[in-house]
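What's in start04.cif: mmCIF, C-alpha atoms
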```
data_run
loop_
_atom_site.label_atom_id
_atom_site.label_comp_id
_atom_site.auth_asym_id
_atom_site.auth_seq_id
_atom_site.Cartn_x
_atom_site.Cartn_y
_atom_site.Cartn_z
CA MET A 1019 -20.89 -12.06 5.32
CA SER A 1020 -22.37 -10.49 2.21
CA CYS A 1021 -20.40 -9.60 -0.91
CA SER A 1022 -21.57 -7.50 -3.86
CA GLN A 1023 -19.69 -6.93 -7.08
CA THR A 1024 -18.68 -3.38 -8.03
CA SER A 1025 -16.96 -1.91 -11.08
CA ARG A 1026 -13.23 -2.42 -11.46
CA ARG A 1027 -10.76 0.45 -11.02
CA ASN A 1028 -7.10 0.97 -10.29
CA ARG A 1029 -5.96 0.88 -6.69
CA ILE A 1030 -5.46 4.24 -5.03
CA SER A 1031 -1.88 4.83 -3.88
CA ARG A 1032 -1.64 6.56 -0.54
CA ARG A 1033 1.19 7.11 1.90
CA SER A 1034 1.32 5.33 5.17
CA GLN A 1035 1.69 7.82 8.02
CA ASP A 1036 3.03 7.47 11.54
CA LEU A 1037 2.86 11.02 12.98
CA HIS A 1038 0.79 13.99 11.94
CA CYS A 1039 0.57 17.64 12.95
CA VAL A 1040 -2.56 19.34 14.24
CA ARG A 1041 -3.22 22.71 12.59
CA TRP A 1042 -4.78 25.67 14.36
CA GLY A 1043 -8.27 26.50 13.15
CA ALA A 1044 -12.01 26.53 13.68
CA ILE A 1045 -13.73 23.68 15.53
CA LEU A 1046 -16.34 21.38 14.08
CA LEU A 1047 -17.44 18.82 16.65
CA VAL A 1048 -17.89 15.41 15.07
CA ALA A 1049 -20.42 13.34 17.00
CA THR A 1050 -22.75 10.48 16.09
CA THR A 1051 -23.98 7.43 17.95
CA LEU A 1052 -22.99 3.95 16.79
CA GLY A 1053 -24.09 0.59 18.08
CA ALA A 1054 -21.67 -2.22 18.86
CA ASN A 1055 -22.86 -4.22 15.85
CA HIS A 1056 -22.74 -1.28 13.47
CA LEU A 1057 -21.93 -1.89 9.83
CA ALA A 1058 -21.47 1.36 7.90
CA ALA A 1059 -23.35 2.21 4.76
CA ALA A 1060 -21.44 1.94 1.50
CA GLY A 1061 -18.42 4.22 1.73
CA VAL A 1062 -17.05 6.68 -0.78
CA THR A 1063 -14.72 5.30 -3.44
CA GLY A 1064 -12.24 6.37 -6.10
CA ALA A 1065 -11.72 10.10 -6.56
CA GLN A 1066 -14.36 10.85 -3.92
CA LEU A 1067 -12.32 8.93 -1.36
CA VAL A 1068 -9.19 10.88 -2.28
CA GLN A 1069 -11.07 14.13 -1.81
CA LYS A 1070 -12.62 12.95 1.44
CA LEU A 1071 -9.25 12.00 2.93
CA ASP A 1072 -7.87 15.41 2.00
CA GLN A 1073 -10.74 17.42 3.51
CA PRO A 1074 -10.18 19.08 6.91
CA ILE A 1075 -12.12 17.87 9.93
CA SER A 1076 -12.11 18.69 13.63
CA VAL A 1077 -12.85 16.32 16.51
CA VAL A 1078 -12.78 17.55 20.10
CA ARG A 1079 -13.71 14.70 22.44
CA GLY A 1080 -10.84 14.38 24.89
CA GLU A 1081 -9.71 10.87 25.87
CA VAL A 1082 -11.84 8.22 24.16
CA PRO A 1083 -11.58 4.55 23.04
CA LEU A 1084 -9.88 4.19 19.66
CA GLY A 1085 -12.37 1.72 18.18
CA GLU A 1086 -15.37 3.85 19.07
CA THR A 1087 -13.70 6.92 17.60
CA LEU A 1088 -12.82 5.18 14.32
CA ASP A 1089 -16.38 3.84 14.04
CA ARG A 1090 -17.79 7.32 14.51
CA LEU A 1091 -15.44 8.81 11.93
CA SER A 1092 -16.16 5.99 9.49
CA GLU A 1093 -19.90 6.59 9.76
CA GLU A 1094 -19.66 10.37 9.67
CA GLN A 1095 -17.24 10.54 6.74
CA GLN A 1096 -18.56 7.43 4.90
CA VAL A 1097 -15.08 5.92 4.68
CA ALA A 1098 -14.31 2.24 5.32
CA ILE A 1099 -11.79 1.95 8.19
CA LEU A 1100 -10.34 -1.42 9.19
CA LEU A 1101 -8.71 -1.70 12.63
CA ASP A 1102 -6.11 -4.48 12.96
CA ARG A 1103 -6.98 -7.24 15.45
CA ARG A 1104 -3.68 -6.64 17.28
CA ILE A 1105 -4.64 -3.10 18.28
CA ASP A 1106 -6.99 -2.89 21.25
CA PRO A 1107 -10.17 -1.04 20.19
CA GLY A 1108 -10.60 -0.04 23.82
CA ALA A 1109 -7.22 1.69 23.99
CA LEU A 1110 -7.70 5.33 25.01
CA VAL A 1111 -6.54 8.04 22.62
CA VAL A 1112 -6.72 11.82 22.79
CA ALA A 1113 -9.18 12.95 20.12
CA ASP A 1114 -8.24 16.63 19.93
CA ILE A 1115 -8.10 17.34 16.20
CA ARG A 1116 -8.59 20.88 14.97
CA ARG A 1117 -9.07 21.61 11.29
CA GLN A 1118 -6.85 18.76 10.14
CA ARG A 1119 -6.84 16.65 6.97
CA PHE A 1120 -8.96 13.57 7.58
CA GLU A 1121 -6.15 11.18 6.62
CA THR A 1122 -3.70 13.08 8.81
CA ALA A 1123 -6.14 12.98 11.72
CA LEU A 1124 -6.50 9.19 11.39
CA GLY A 1125 -2.71 8.89 11.33
CA GLN A 1126 -2.45 10.96 14.49
CA LEU A 1127 -4.88 8.62 16.28
CA ALA A 1128 -2.98 5.56 15.01
CA THR A 1129 0.32 6.97 16.28
CA GLN A 1130 -1.02 7.08 19.82
CA VAL A 1131 -1.33 3.27 19.83
CA HIS A 1132 2.09 2.71 18.17
CA GLY A 1133 0.45 2.20 14.79
CA GLY A 1134 0.18 3.73 11.36
CA LEU A 1135 -2.20 3.68 8.45
CA SER A 1136 -2.27 2.70 4.82
CA VAL A 1137 -4.98 2.97 2.16
CA VAL A 1138 -5.46 -0.31 0.30
CA ALA A 1139 -8.19 -0.45 -2.35
CA ASP A 1140 -10.80 1.95 -0.91
CA THR A 1141 -10.19 0.91 2.70
CA VAL A 1142 -8.17 2.76 5.34
CA TYR A 1143 -6.20 0.14 7.28
CA VAL A 1144 -5.00 1.06 10.79
CA GLY A 1145 -2.45 -1.38 12.19
CA PRO A 1146 1.04 -1.96 13.59
CA THR A 1147 3.75 0.02 11.79
CA THR A 1148 5.64 -3.18 10.91
CA THR A 1149 2.61 -4.35 8.92
CA VAL A 1150 1.80 -0.92 7.48
CA ARG A 1151 5.32 -0.65 6.01
CA ARG A 1152 4.99 -3.96 4.14
CA LEU A 1153 1.32 -4.14 3.22
CA ARG A 1154 1.04 -2.16 -0.02
CA THR A 1155 4.31 -3.51 -1.37
CA LEU A 1156 3.28 -7.10 -0.66
CA VAL A 1157 -0.06 -6.47 -2.38
CA ALA A 1158 1.77 -5.10 -5.43
CA LEU A 1159 4.13 -8.08 -5.54
CA ARG A 1160 1.31 -10.64 -5.33
CA GLU A 1161 -0.71 -8.82 -7.99
CA LYS A 1162 2.31 -8.75 -10.31
CA GLU A 1163 2.96 -12.45 -9.69
CA LEU A 1164 -0.67 -13.22 -10.51
CA LEU A 1165 -0.66 -11.30 -13.79
CA ASP A 1166 2.68 -12.88 -14.76
CA LEU A 1167 1.24 -16.40 -14.54
CA PRO A 1168 1.19 -18.09 -17.99
CA ASN A 1169 -2.08 -18.93 -19.73
CA LEU A 1170 -4.17 -17.07 -17.14
CA GLY A 1171 -6.52 -15.68 -19.81
CA GLN A 1172 -9.99 -14.65 -18.62
CA ARG A 1173 -9.10 -15.89 -15.15
CA ALA A 1174 -7.12 -12.66 -14.62
CA PHE A 1175 -10.28 -10.57 -14.99
CA ALA A 1176 -12.15 -12.73 -12.49
CA LEU A 1177 -9.39 -12.52 -9.88
CA THR A 1178 -9.04 -8.74 -10.15
CA ARG A 1179 -12.79 -8.16 -9.76
CA ARG A 1180 -13.52 -5.77 -6.89
CA GLN A 1181 -16.14 -6.29 -4.19
CA ARG A 1182 -17.38 -4.73 -0.99
CA ILE A 1183 -17.01 -7.28 1.80
CA GLN A 1184 -18.69 -6.94 5.18
CA TRP A 1185 -18.74 -9.17 8.25
CA PRO A 1186 -20.77 -8.97 11.47
CA MET A 1187 -19.65 -8.96 15.08
CA LEU A 1188 -17.97 -12.23 16.21
CA ALA A 1189 -17.09 -13.30 12.66
CA GLU A 1190 -14.35 -15.96 12.39
CA PRO A 1191 -11.45 -14.87 10.16
CA ARG A 1192 -10.79 -18.45 9.02
CA GLN A 1193 -14.35 -18.70 7.70
CA LEU A 1194 -14.11 -15.18 6.29
CA LEU A 1195 -11.06 -16.20 4.23
CA ALA A 1196 -12.87 -19.29 2.97
CA ASP A 1197 -15.91 -17.22 1.98
CA ILE A 1198 -13.77 -14.70 0.08
CA ALA A 1199 -11.96 -17.51 -1.73
CA SER A 1200 -15.26 -19.07 -2.76
CA GLN A 1201 -16.32 -15.78 -4.37
CA TYR A 1202 -13.31 -16.11 -6.69
CA ASP A 1203 -13.47 -19.90 -7.19
CA LEU A 1204 -10.20 -20.30 -5.26
CA HIS A 1205 -8.96 -23.14 -3.08
CA ILE A 1206 -6.96 -22.24 0.05
CA ASP A 1207 -4.26 -24.51 1.43
CA GLY A 1208 -2.98 -23.91 4.97
CA LEU A 1209 -6.11 -22.46 6.55
CA GLU A 1210 -5.13 -24.26 9.75
CA LEU A 1211 -2.31 -21.70 10.15
CA VAL A 1212 -4.95 -19.06 10.92
CA PRO A 1213 -5.71 -19.21 14.65
CA HIS A 1214 -9.28 -19.24 15.88
CA ASP A 1215 -10.42 -15.72 16.61
CA LEU A 1216 -13.62 -13.70 16.86
CA TRP A 1217 -13.61 -10.29 15.22
CA ARG A 1218 -15.51 -7.07 15.67
CA ALA A 1219 -17.71 -6.02 12.75
CA GLY A 1220 -15.84 -4.67 9.75
CA GLU A 1221 -15.66 -4.18 6.01
CA LEU A 1222 -13.34 -3.95 3.03
CA ASN A 1223 -14.42 -1.52 0.36
CA ARG A 1224 -13.86 -2.36 -3.33
CA ALA A 1225 -11.00 -4.80 -2.76
CA ASN A 1226 -9.89 -7.51 -5.17
CA VAL A 1227 -8.97 -11.00 -4.00
CA THR A 1228 -5.27 -10.19 -3.39
CA GLU A 1229 -6.07 -7.14 -1.27
CA SER A 1230 -8.87 -8.92 0.61
CA LEU A 1231 -6.80 -11.96 1.55
CA LEU A 1232 -3.75 -9.94 2.60
CA LEU A 1233 -5.74 -7.43 4.66
CA ILE A 1234 -6.96 -10.37 6.72
CA LEU A 1235 -3.87 -12.62 6.70
CA MET A 1236 -1.39 -9.88 7.58
CA GLN A 1237 -3.21 -9.39 10.88
CA PHE A 1238 -1.77 -12.80 11.82
CA ASP A 1239 1.59 -11.97 10.16
CA LEU A 1240 0.67 -14.39 7.36
CA ALA A 1241 0.62 -14.01 3.58
CA PHE A 1242 0.03 -16.35 0.62
CA THR A 1243 1.55 -17.62 -2.59
CA TRP A 1244 -0.19 -18.35 -5.89
CA SER A 1245 -0.39 -21.74 -7.54
CA ALA A 1246 0.94 -22.02 -11.10
CA ASP A 1247 -2.56 -22.02 -12.59
CA GLY A 1248 -4.06 -19.30 -10.38
CA ARG A 1249 -6.66 -21.74 -9.07
CA SER A 1250 -5.41 -21.92 -5.48
CA VAL A 1251 -3.33 -20.10 -2.89
CA THR A 1252 -1.16 -21.41 -0.07
CA ILE A 1253 -0.98 -19.55 3.24
CA VAL A 1254 2.62 -18.91 4.36
CA PRO A 1255 4.39 -16.74 6.97
CA ALA A 1256 4.61 -13.11 5.85
CA PRO A 1257 8.09 -12.07 4.68
CA GLY A 1258 9.97 -9.79 7.05
CA HIS A 1259 11.24 -7.55 4.27
CA VAL A 1260 9.67 -6.74 0.90
CA SER A 1261 10.70 -4.52 -1.99
CA ILE A 1262 9.73 -3.95 -5.58
CA GLU A 1263 11.87 -2.60 -8.42
CA ARG A 1264 10.81 0.58 -10.19
CA SER A 1265 12.59 3.00 -12.52
CA HIS A 1266 12.84 6.73 -11.84
CA ARG A 1267 14.04 9.49 -14.15
CA PRO A 1268 15.51 12.48 -12.28
CA ARG A 1269 14.63 15.98 -13.40
CA GLY A 1270 17.08 18.87 -13.33
CA MET A 1271 19.99 16.79 -11.99
CA SER A 1272 22.49 14.18 -13.10
CA LEU A 1273 22.16 10.50 -12.23
CA GLU A 1274 25.04 10.87 -9.76
CA GLN A 1275 23.38 13.83 -8.04
CA ALA A 1276 20.06 12.02 -7.95
CA GLU A 1277 21.56 8.87 -6.47
CA HIS A 1278 23.39 10.90 -3.82
CA ARG A 1279 20.20 12.75 -2.87
CA VAL A 1280 18.23 9.52 -2.49
CA ASN A 1281 21.01 7.77 -0.55
CA GLU A 1282 21.09 10.63 1.95
CA THR A 1283 17.42 10.14 2.75
CA LEU A 1284 17.08 6.39 2.12
CA PRO A 1285 20.53 4.87 2.73
CA ASP A 1286 19.28 1.27 2.77
CA VAL A 1287 17.58 1.34 -0.64
CA ALA A 1288 19.42 -0.61 -3.35
CA THR A 1289 20.13 1.42 -6.51
CA ARG A 1290 21.45 0.80 -10.00
CA SER A 1291 21.55 2.92 -13.14
CA GLU A 1292 20.11 1.97 -16.54
CA LYS A 1293 20.69 4.41 -19.41
CA ASN A 1294 19.19 7.71 -18.21
CA GLU A 1295 17.19 6.23 -15.32
CA LEU A 1296 17.79 4.92 -11.84
CA VAL A 1297 16.27 1.64 -10.69
CA PHE A 1298 15.46 1.31 -6.99
CA ALA A 1299 14.45 -1.79 -5.02
CA ALA A 1300 12.23 -0.31 -2.33
CA THR A 1301 8.80 -0.34 -0.75
CA ILE A 1302 6.02 1.59 -2.47
CA GLU A 1303 6.19 4.28 0.21
CA GLU A 1304 9.92 4.65 -0.40
CA HIS A 1305 9.34 4.89 -4.15
CA GLU A 1306 6.96 7.79 -3.46
CA VAL A 1307 9.68 9.53 -1.47
CA VAL A 1308 12.16 8.91 -4.32
CA ALA A 1309 9.74 10.44 -6.84
CA GLN A 1310 9.54 13.61 -4.78
CA LEU A 1311 13.29 13.78 -4.22
CA LEU A 1312 13.99 13.45 -7.94
CA GLY A 1313 11.47 16.07 -9.01
CA GLU A 1314 9.03 13.66 -10.63
CA LYS A 1315 5.37 14.63 -10.63
CA PRO A 1316 3.78 13.39 -7.38
CA PRO A 1317 0.85 10.96 -7.65
CA GLU A 1318 -2.51 12.67 -8.14
CA SER A 1319 -3.74 11.18 -4.86
CA THR A 1320 -0.82 12.58 -2.84
CA PRO A 1321 -1.55 16.04 -1.44
CA ALA A 1322 1.06 18.72 -2.05
CA PRO A 1323 3.15 19.60 1.03
CA ARG A 1324 1.80 22.54 2.99
CA GLY A 1325 5.16 24.03 3.97
CA GLN A 1326 3.85 27.52 3.27
CA VAL A 1327 1.95 27.47 6.58
CA GLU A 1328 4.00 29.40 9.13
CA LEU A 1329 5.60 27.10 11.69
CA ALA A 1330 5.14 29.69 14.42
CA ARG A 1331 1.35 29.46 13.98
CA GLN A 1332 1.15 25.66 14.00
CA ARG A 1333 0.11 23.69 17.06
CA PHE A 1334 0.81 20.00 17.70
CA THR A 1335 -1.16 17.49 19.75
CA LEU A 1336 0.24 13.97 20.02
CA ARG A 1337 1.06 11.14 22.35
CA VAL A 1338 4.10 9.03 21.44
CA GLN A 1339 5.59 6.19 23.48
CA ASN A 1340 8.85 4.49 22.52
CA GLN A 1341 8.95 5.61 18.89
CA PRO A 1342 12.23 6.26 16.99
CA ALA A 1343 13.08 9.95 16.74
CA ARG A 1344 13.78 9.44 13.03
CA ALA A 1345 10.18 8.30 12.45
CA LEU A 1346 8.85 11.48 14.06
CA LEU A 1347 11.14 13.69 12.00
CA ASP A 1348 10.25 11.85 8.79
CA ALA A 1349 6.54 12.18 9.52
CA LEU A 1350 6.90 15.91 10.14
CA GLN A 1351 8.68 16.25 6.80
CA ARG A 1352 5.90 14.32 5.04
CA ASP A 1353 3.40 16.79 6.49
CA GLY A 1354 5.24 19.76 4.98
CA VAL A 1355 7.71 20.76 7.73
CA ALA A 1356 11.14 21.41 6.16
CA ILE A 1357 13.85 19.70 8.26
CA GLU A 1358 17.51 19.61 7.22
CA TYR A 1359 20.32 17.59 8.80
CA ASP A 1360 23.54 15.82 7.89
CA SER A 1361 23.12 12.15 8.80
CA ALA A 1362 26.87 11.45 8.66
CA GLN A 1363 27.70 14.45 10.85
CA LEU A 1364 25.14 13.44 13.45
CA ALA A 1365 26.39 9.84 13.45
CA ASP A 1366 29.98 11.03 13.92
CA ALA A 1367 28.80 13.03 16.95
CA GLY A 1368 27.22 9.91 18.46
CA ILE A 1369 23.65 10.99 17.74
CA ASN A 1370 21.36 8.02 17.17
CA LEU A 1371 18.18 9.05 15.38
CA ASP A 1372 16.76 5.59 16.01
CA GLN A 1373 16.76 6.24 19.76
CA LEU A 1374 13.27 5.83 21.20
CA VAL A 1375 11.51 8.90 22.57
CA GLN A 1376 8.32 9.54 24.52
CA LEU A 1377 6.15 12.62 24.08
CA GLU A 1378 2.77 13.78 25.28
CA LEU A 1379 1.90 17.25 24.00
CA LYS A 1380 -1.31 19.20 23.67
CA GLN A 1381 -1.49 22.27 21.46
CA ALA A 1382 2.29 22.60 21.69
CA THR A 1383 4.36 25.10 19.72
CA ILE A 1384 6.95 23.92 17.23
CA ARG A 1385 9.72 24.71 19.75
CA GLU A 1386 8.02 22.63 22.43
CA LEU A 1387 7.72 19.75 19.96
CA MET A 1388 11.35 19.98 18.80
CA ASP A 1389 12.57 20.23 22.42
CA GLY A 1390 10.76 16.99 23.20
CA ILE A 1391 12.35 15.21 20.22
CA CYS A 1392 15.86 16.66 20.39
CA ARG A 1393 16.76 16.91 24.08
CA PRO A 1394 16.86 13.14 24.78
CA LEU A 1395 19.22 12.74 21.81
CA GLY A 1396 21.56 15.59 22.70
CA LEU A 1397 20.49 17.42 19.55
CA LYS A 1398 20.22 21.14 19.04
CA TYR A 1399 18.13 22.85 16.40
CA GLU A 1400 17.60 26.18 14.72
CA ILE A 1401 14.34 27.52 13.30
CA ALA A 1402 14.47 30.14 10.56
CA GLY A 1403 11.05 30.90 9.12
CA ASN A 1404 9.67 27.55 7.96
CA GLN A 1405 13.07 25.80 7.99
CA ILE A 1406 14.37 23.62 10.85
CA THR A 1407 18.06 22.66 10.93
CA LEU A 1408 19.31 19.94 13.27
CA ILE A 1409 22.75 20.39 14.86
CA ALA A 1410 24.84 17.94 16.87
CA GLY A 1411 24.87 19.04 20.52
CA GLU A 1412 26.13 17.61 23.78
CA LYS A 1413 24.22 14.99 25.77
#
```
Rewritten as structure tokens:
Amino acid sequence: MSCSQTSRRNRISRRSQDLHCVRWGAILLVATTLGANHLAAAGVTGAQLVQKLDQPISVVRGEVPLGETLDRLSEEQQVAILLDRRIDPGALVVADIRRQRFETALGQLATQVHGGLSVVADTVYVGPTTTVRRLRTLVALREKELLDLPNLGQRAFALTRRQRIQWPMLAEPRQLLADIASQYDLHIDGLELVPHDLWRAGELNRANVTESLLLILMQFDLAFTWSADGRSVTIVPAPGHVSIERSHRPRGMSLEQAEHRVNETLPDVATRSEKNELVFAATIEEHEVVAQLLGEKPPESTPAPRGQVELARQRFTLRVQNQPARALLDALQRDGVAIEYDSAQLADAGINLDQLVQLELKQATIRELMDGICRPLGLKYEIAGNQITLIAGEK
């Protein structure tokens, strides 16, 4: 493993995504040849990474192994992509992506193996959805805990230093963790909790010590805690649920209206009011949804929804096995498809949006996609222009 220091910058905030739509457009065939021991050249970082993830690409290769496809895209686009050890790199996915945002295309591939993606530091992490939903929030919590330690002084600058970390084929994660810790003059307790494993080649781009350790540990459903002096960490089981408190100030609505709007979309998020703000205990991804619901300016790195694209002209290619219908609907909404429904009304009609569905569609119309989601649930829907309305039907 080789590590080189790079300049410090703030972490890019990006949404994790579980399902993504394939737009209709021109075809650019992405094709390069990678060896099994390939380690990509230094990837793009900062604002360049944000732009790269937002640029459209097309990949038309049919059914291909996931790991090979991610390696090709990483090399072609110069973006660091980390595939979780629990996802089989040999799993076959349908790479039929036509003029789609790069980040959206990666999310579409991840969905086919029951996964999602999250951007941590300057690295795109592809892993199980249960890990994706917790990863950025856990990173934020550990970074806050570190900076809240008393008398940390110059040690804080050393521990937030960013590096590019690479490892070759058959690297041992236990040794990788020890090597990362040594770069930051850290002692690790509990390394024996990390099982012996041999990894495919990989890299983390411009990650600090918190991000680096968690990107590796979370692949074993492990995390860590800081010592009181910031000189050591202890490996512990990863928490099943994480949240972080943040304040939001609604625009153009009262606090009561704002709280009602958020509760309709995120009923499990704890809320309290303070003066003219609302405080939510939620994951980072949920905070991003709250910011949009309350009319706050979206983060610079979050692309604006593309709802102006006519639904009738969109085409969807995806393979989904045993995923909650709600997750598919939420992902469509995140990609700019306007979907309205009354959660209470659907629940009263016995409609369970957490029911698992299976879909395999290629260049499907919006009606074909909605039929596949709604029919197993006994749902009906109406499409008016770019608006979809869900209606309780009969099973």
Each side padded by 3 Å, which centre and which edge lengths in Å (one decimal) define the axis-aligned box around the listed atoms of region 1121-1136 of chain A? Give them as AutoDock Vina command-line options.
```
--center_x -2.2 --center_y 7.6 --center_z 12.3 --size_x 14.6 --size_y 16.9 --size_z 21.0
```
- Message: If I take CA of Ser1136 (chain A) and CA of Lys1380 (chain A), how far is one from the other in Å, to one decimal?
- Response: 25.1 Å
- Item | Spatial neighbours of Gly1313 (chain A), max dist 10 Å, all atoms listed in the file, sep filter under 3 positions, as a VMD selection string | chain A and resid 1266 to 1271 1276 1308 to 1310 1316
Using the chain letters and numbers from this file, what does the PyMOL selection byres ((chain A and resi 1259) around 10) select? Give the answer as a PDB file with C-alpha atoms, keeping the file's coordinate frame.
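Result file part00.pdb:
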```
ATOM      1  CA  THR A1148       5.640  -3.180  10.910  1.00  0.00           C
ATOM      2  CA  ARG A1151       5.320  -0.650   6.010  1.00  0.00           C
ATOM      3  CA  ARG A1152       4.990  -3.960   4.140  1.00  0.00           C
ATOM      4  CA  THR A1155       4.310  -3.510  -1.370  1.00  0.00           C
ATOM      5  CA  LEU A1156       3.280  -7.100  -0.660  1.00  0.00           C
ATOM      6  CA  ALA A1256       4.610 -13.110   5.850  1.00  0.00           C
ATOM      7  CA  PRO A1257       8.090 -12.070   4.680  1.00  0.00           C
ATOM      8  CA  GLY A1258       9.970  -9.790   7.050  1.00  0.00           C
ATOM      9  CA  VAL A1260       9.670  -6.740   0.900  1.00  0.00           C
ATOM     10  CA  SER A1261      10.700  -4.520  -1.990  1.00  0.00           C
ATOM     11  CA  ALA A1300      12.230  -0.310  -2.330  1.00  0.00           C
ATOM     12  CA  THR A1301       8.800  -0.340  -0.750  1.00  0.00           C
TER      13      THR A1301
END
```
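Using all atoms listed in the file, the nearest neighbour of Thr1122 (chain A) within the list A:Ala1158, A:Ala1176, A:Ala1349, A:Ala1199 is A:Ala1349.
Remark: for Ala1128 (chain A), the closest of the candidate residues A:Val1307, A:Ile1302, A:Asn1169, A:Leu1110 is A:Leu1110 (distances computed over only C-alpha atoms).
Taking CA of Arg1224 (chain A) as the reference point, CA of His1132 (chain A) is found at 27.2 Å.
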- Message: So that I can see what lies close to Ala1382 (chain A), please list as a VMD selection string the residues with an atom at most 9 Å from it, counting all atoms listed in the file and leaving out residues fewer than 5 positions away in the same chain.
- Response: chain A and resid 1332 to 1335 1387
- Query: Any chance you could work out the residue set of the PyMOL selection byres ((chain A and resi 1209) around 10) here, as a ChimeraX atom specification?
  - Reply: /A:1191-1193,1195-1196,1206-1208,1210-1213,1252-1254
Using C-alpha atoms, can you export the residues from the last selection as a JSON list (two decimals), keeping the file's coordinate frame?
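Written output follows (out36.json):
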```json
[["chain", "number", "residue", "atom", "x", "y", "z"],
["A", 1191, "PRO", "CA", -11.45, -14.87, 10.16],
["A", 1192, "ARG", "CA", -10.79, -18.45, 9.02],
["A", 1193, "GLN", "CA", -14.35, -18.70, 7.70],
["A", 1195, "LEU", "CA", -11.06, -16.20, 4.23],
["A", 1196, "ALA", "CA", -12.87, -19.29, 2.97],
["A", 1206, "ILE", "CA", -6.96, -22.24, 0.05],
["A", 1207, "ASP", "CA", -4.26, -24.51, 1.43],
["A", 1208, "GLY", "CA", -2.98, -23.91, 4.97],
["A", 1210, "GLU", "CA", -5.13, -24.26, 9.75],
["A", 1211, "LEU", "CA", -2.31, -21.70, 10.15],
["A", 1212, "VAL", "CA", -4.95, -19.06, 10.92],
["A", 1213, "PRO", "CA", -5.71, -19.21, 14.65],
["A", 1252, "THR", "CA", -1.16, -21.41, -0.07],
["A", 1253, "ILE", "CA", -0.98, -19.55, 3.24],
["A", 1254, "VAL", "CA", 2.62, -18.91, 4.36]]
```
- Message: Measuring between only C-alpha atoms, which one of A:Ile1406, A:Glu1263, A:Thr1283, A:Glu1400 shows the shortest distance to Phe1298 (chain A)?
- Response: A:Glu1263
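Between CA of Gly1145 (chain A) and CA of Gly1133 (chain A) there is a distance of 5.3 Å.
Each of A:Leu1204, A:Leu1284, A:Val1338, A:Val1137 was checked against Arg1173 (chain A) using all atoms listed in the file; the smallest atom-to-atom distance is that of A:Leu1204.
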Can you tell me, as a short mmCIF file (atom, residue, chain, number, x, y, z; two decimals) with C-alpha atoms, keeping the file's coordinate frame, what residues are no more than 7 Å from Leu1296 (chain A) when counting all atoms listed in the file, ignoring any on the same chain fewer than 4 positions away?
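Final output, out.cif:
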```cif
data_model
loop_
_atom_site.label_atom_id
_atom_site.label_comp_id
_atom_site.auth_asym_id
_atom_site.auth_seq_id
_atom_site.Cartn_x
_atom_site.Cartn_y
_atom_site.Cartn_z
CA SER A 1265 12.59 3.00 -12.52
CA HIS A 1266 12.84 6.73 -11.84
CA ARG A 1267 14.04 9.49 -14.15
CA THR A 1289 20.13 1.42 -6.51
CA ARG A 1290 21.45 0.80 -10.00
CA SER A 1291 21.55 2.92 -13.14
CA GLU A 1292 20.11 1.97 -16.54
#
```
I'd like the neighbourhood of Tyr1399 (chain A) as an mmCIF file with C-alpha atoms, keeping the file's coordinate frame, where a residue qualifies if any of its atoms comes within 8 Å (using all atoms listed in the file), though same-chain residues fewer than 6 positions away should be ignored.
```cif
data_model
loop_
_atom_site.group_PDB
_atom_site.id
_atom_site.type_symbol
_atom_site.label_atom_id
_atom_site.label_comp_id
_atom_site.auth_asym_id
_atom_site.auth_seq_id
_atom_site.Cartn_x
_atom_site.Cartn_y
_atom_site.Cartn_z
ATOM 1 C CA MET A 1388 11.350 19.980 18.800
ATOM 2 C CA CYS A 1392 15.860 16.660 20.390
ATOM 3 C CA ILE A 1406 14.370 23.620 10.850
ATOM 4 C CA THR A 1407 18.060 22.660 10.930
ATOM 5 C CA LEU A 1408 19.310 19.940 13.270
ATOM 6 C CA ILE A 1409 22.750 20.390 14.860
#
```
Using the chain letters and numbers from the file, give me the residues hit by the PyMOL selection byres ((chain A and resi 1060-1068) around 6), as a PDB file with C-alpha atoms, in the coordinates of the input.
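This went into expr.pdb:
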```pdb
ATOM      1  CA  ALA A1059     -23.350   2.210   4.760  1.00  0.00           C
ATOM      2  CA  GLN A1069     -11.070  14.130  -1.810  1.00  0.00           C
ATOM      3  CA  LYS A1070     -12.620  12.950   1.440  1.00  0.00           C
ATOM      4  CA  LEU A1071      -9.250  12.000   2.930  1.00  0.00           C
ATOM      5  CA  GLN A1096     -18.560   7.430   4.900  1.00  0.00           C
ATOM      6  CA  VAL A1097     -15.080   5.920   4.680  1.00  0.00           C
ATOM      7  CA  ALA A1098     -14.310   2.240   5.320  1.00  0.00           C
ATOM      8  CA  ASP A1140     -10.800   1.950  -0.910  1.00  0.00           C
TER       9      ASP A1140
END
```
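Counting all atoms listed in the file, the residue from A:Asp1389, A:Glu1081, A:Glu1314, A:Asp1360 that sits nearest to Leu1377 (chain A) is A:Asp1389.
Among the candidates A:Val1157, A:Leu1188, A:Ala1219, A:Leu1379, the residue lying nearest to Gly1085 (chain A) is A:Ala1219 (atoms considered: all atoms listed in the file).
Within 7 Å of the point (-0.5, -9.8, 3.1) in file coordinates, and counting all atoms listed in the file, lie the residues Leu1153, Leu1156, Val1157, Leu1231, Leu1232, Leu1233, Leu1235, Met1236, Leu1240, Ala1241 and Ala1256 of chain A.
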